[in-house]
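Remarks on the structure that follows.
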Amino acid sequence: MATTAFASLRRSFASKLTIGIGGLLALGLTTAQTLREAMPPANLPAAQAGQPIAAGRWQVVIREAGLSSAPRPDGYRGRPGTKALSVDLDLMNRSSESSNAIARILSFDPPIAGLSPLPTAYLLRDGAILGALQPGLPERIRMVWDLPDAAPAPEAIRVVVTGETFKPRDNLLAAPGWFNRKPVAAITLPLRTEGGGS
């Protein structure tokens, strides 16, 4: 009787130990995969200026980058003590709804010290601040970040394009949406510099 109870206890303990170890391994692998996907890969596909980049929700065509103390497209001169680092691009919303989630499409690798965390997007056709991008309507825009005047200006920048993937049903709400933000391409651009304007 005691032997049977001991064997049953031993099987129960072994089963719980196996489940616990399996759970920890699964958690470790999931965490490692999440961290790996969140970090910009060192060997992203290299894009060229003027080349379309498929980024899931977006189609992106990077044109050029510049550093200027001239007024922004809407006439705003920027905060005192700053200059504007800008990237001109053509952007098309490939989803079926208008979207204002464009501020995190571009990032810099390596990060640029002192740069404002999020850019302002301007429509180049009329100089207005872009509120939302309509589906299927390509626009040429200028993304502008503030950079302190005292910050050193790099000769070239590496721009990383981040894309998203459409899922008909996400795991949390079982609703469709754009998820899994990750870098899809990178482009190195010379940084043209301009002086102030009136």
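As shown in the structure tokens, the chain order sets the letters A, B, ...; within each chain, residues go from 1, and ligands are also counted from 1 in the order they appear.
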task: Write out as JSON, numbers by chain which residues come within 9 Å of Ala46 (chain A) when counting only C-alpha atoms, dropping same-chain ones fewer than 6 positions away.
output: {"A": [185, 186, 187, 188]}
Between region 63-121 of chain A and region 126-143 of chain A, at 9 Å or less, what are the per-residue closest atom pairs and their distances in Å? Count only C-alpha atoms, order by chain and rising residue number, and return it as a tab-separated table.
```
residue	atom	partner	partner_atom	distance
A:Arg72	CA	A:Gly127	CA	8.1
A:Pro73	CA	A:Gly127	CA	4.5
A:Asp74	CA	A:Gly127	CA	4.7
A:Gly75	CA	A:Gly127	CA	8.1
A:Leu85	CA	A:Met143	CA	8.3
A:Ser86	CA	A:Met143	CA	5.4
A:Val87	CA	A:Met143	CA	5.3
A:Asp88	CA	A:Arg142	CA	4.4
A:Leu89	CA	A:Ile141	CA	5.6
A:Asp90	CA	A:Arg140	CA	4.3
A:Leu91	CA	A:Glu139	CA	5.5
A:Met92	CA	A:Pro138	CA	4.2
A:Asn93	CA	A:Pro135	CA	4.8
A:Arg94	CA	A:Gly136	CA	5.7
A:Ser95	CA	A:Pro135	CA	5.8
A:Ser96	CA	A:Pro135	CA	5.6
A:Glu97	CA	A:Pro135	CA	5.7
A:Ser98	CA	A:Gln134	CA	4.3
A:Ser99	CA	A:Ala132	CA	5.0
A:Asn100	CA	A:Ala132	CA	4.2
A:Ala101	CA	A:Ala132	CA	7.8
A:Ile102	CA	A:Ala132	CA	8.4
A:Ala103	CA	A:Met143	CA	8.2
A:Leu106	CA	A:Met143	CA	8.8
A:Pro119	CA	A:Met143	CA	5.7
A:Thr120	CA	A:Met143	CA	5.6
A:Ala121	CA	A:Met143	CA	4.5
```
query: Where does DSSP see strand (DSSP E or B) in chain A, if you list the residues as a VMD selection string?
result: chain A and resid 46 52 to 55 58 to 68 82 to 93 99 106 to 108 120 to 123 129 133 135 139 to 148 156 to 167 177 to 194
- request: Please indicate the distance in Å from CA of Asp149 (chain A) to CA of Thr82 (chain A), rounded to one decimal place.
  value: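 Separation of CA of Asp149 (chain A) and CA of Thr82 (chain A): 4.8 Å.
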- request: For Arg192 (chain A), list every protein, DNA or RNA residue within 7 Å, evaluated using only C-alpha atoms, and leave out those in the same chain fewer than 2 positions away; present the list as a ChimeraX atom specification.
  value: /A:65-67,190,194
Create the file for the chosen residues now, containing N, CA, C and O atoms and written as a PDB file, in the first residue's frame.
```pdb
ATOM      1  N   ALA A  65      17.632  63.092 -47.691  1.00  0.00           N
ATOM      2  CA  ALA A  65      17.668  63.569 -46.314  1.00  0.00           C
ATOM      3  C   ALA A  65      18.416  64.884 -46.262  1.00  0.00           C
ATOM      4  O   ALA A  65      19.327  65.122 -47.064  1.00  0.00           O
ATOM      5  N   GLY A  66      18.029  65.726 -45.320  1.00  0.00           N
ATOM      6  CA  GLY A  66      18.673  67.025 -45.222  1.00  0.00           C
ATOM      7  C   GLY A  66      18.689  67.550 -43.802  1.00  0.00           C
ATOM      8  O   GLY A  66      17.961  67.093 -42.927  1.00  0.00           O
ATOM      9  N   LEU A  67      19.543  68.538 -43.586  1.00  0.00           N
ATOM     10  CA  LEU A  67      19.667  69.227 -42.306  1.00  0.00           C
ATOM     11  C   LEU A  67      19.606  70.709 -42.600  1.00  0.00           C
ATOM     12  O   LEU A  67      20.379  71.216 -43.429  1.00  0.00           O
ATOM     13  N   PRO A 190      23.224  60.400 -48.005  1.00  0.00           N
ATOM     14  CA  PRO A 190      24.022  61.579 -47.646  1.00  0.00           C
ATOM     15  C   PRO A 190      23.103  62.631 -47.047  1.00  0.00           C
ATOM     16  O   PRO A 190      21.930  62.725 -47.410  1.00  0.00           O
ATOM     17  N   GLU A 194      21.646  72.834 -45.512  1.00  0.00           N
ATOM     18  CA  GLU A 194      21.219  74.136 -46.020  1.00  0.00           C
ATOM     19  C   GLU A 194      21.311  75.146 -44.893  1.00  0.00           C
ATOM     20  O   GLU A 194      21.132  74.806 -43.741  1.00  0.00           O
TER      21      GLU A 194
END
```
message: Restricting the calculation to only C-alpha atoms: of A:Asp170, A:Glu155, A:Glu64, A:Glu164, which residue gets closest to Lys182 (chain A)?
response: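 Of A:Asp170, A:Glu155, A:Glu64, A:Glu164, the one nearest Lys182 (chain A), counting only C-alpha atoms, is A:Glu164.
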message: Need to verify the contact set: Gly50 (chain A), 7 Å, only C-alpha atoms, exclusion of same-chain residues closer than 3 positions in sequence. Can you return it as a PyMOL selection string?
response: chain A and resi 61-63
Serialized selection, all heavy atoms, as a compact mmCIF listing (two decimals), in the first residue's frame:
```txt
# COMPACT_ATOMS: atom_id res chain seq x y z
N VAL A 61 8.94 54.99 -50.42
CA VAL A 61 10.02 55.31 -51.34
C VAL A 61 10.80 56.46 -50.72
O VAL A 61 10.30 57.58 -50.63
CB VAL A 61 9.50 55.73 -52.74
CG1 VAL A 61 10.67 56.06 -53.66
CG2 VAL A 61 8.62 54.64 -53.35
N ILE A 62 12.01 56.17 -50.24
CA ILE A 62 12.84 57.20 -49.63
C ILE A 62 13.50 58.02 -50.74
O ILE A 62 14.04 57.45 -51.69
CB ILE A 62 13.93 56.57 -48.73
CG1 ILE A 62 13.30 55.65 -47.68
CG2 ILE A 62 14.79 57.65 -48.08
CD1 ILE A 62 12.52 56.33 -46.60
N ARG A 63 13.47 59.33 -50.62
CA ARG A 63 14.03 60.22 -51.65
C ARG A 63 15.37 60.83 -51.23
O ARG A 63 16.37 60.63 -51.90
CB ARG A 63 13.03 61.34 -51.98
CG ARG A 63 11.73 60.84 -52.58
CD ARG A 63 11.96 60.31 -53.96
NE ARG A 63 10.74 59.73 -54.54
CZ ARG A 63 10.73 59.08 -55.66
NH1 ARG A 63 11.83 58.89 -56.36
NH2 ARG A 63 9.60 58.57 -56.12
```
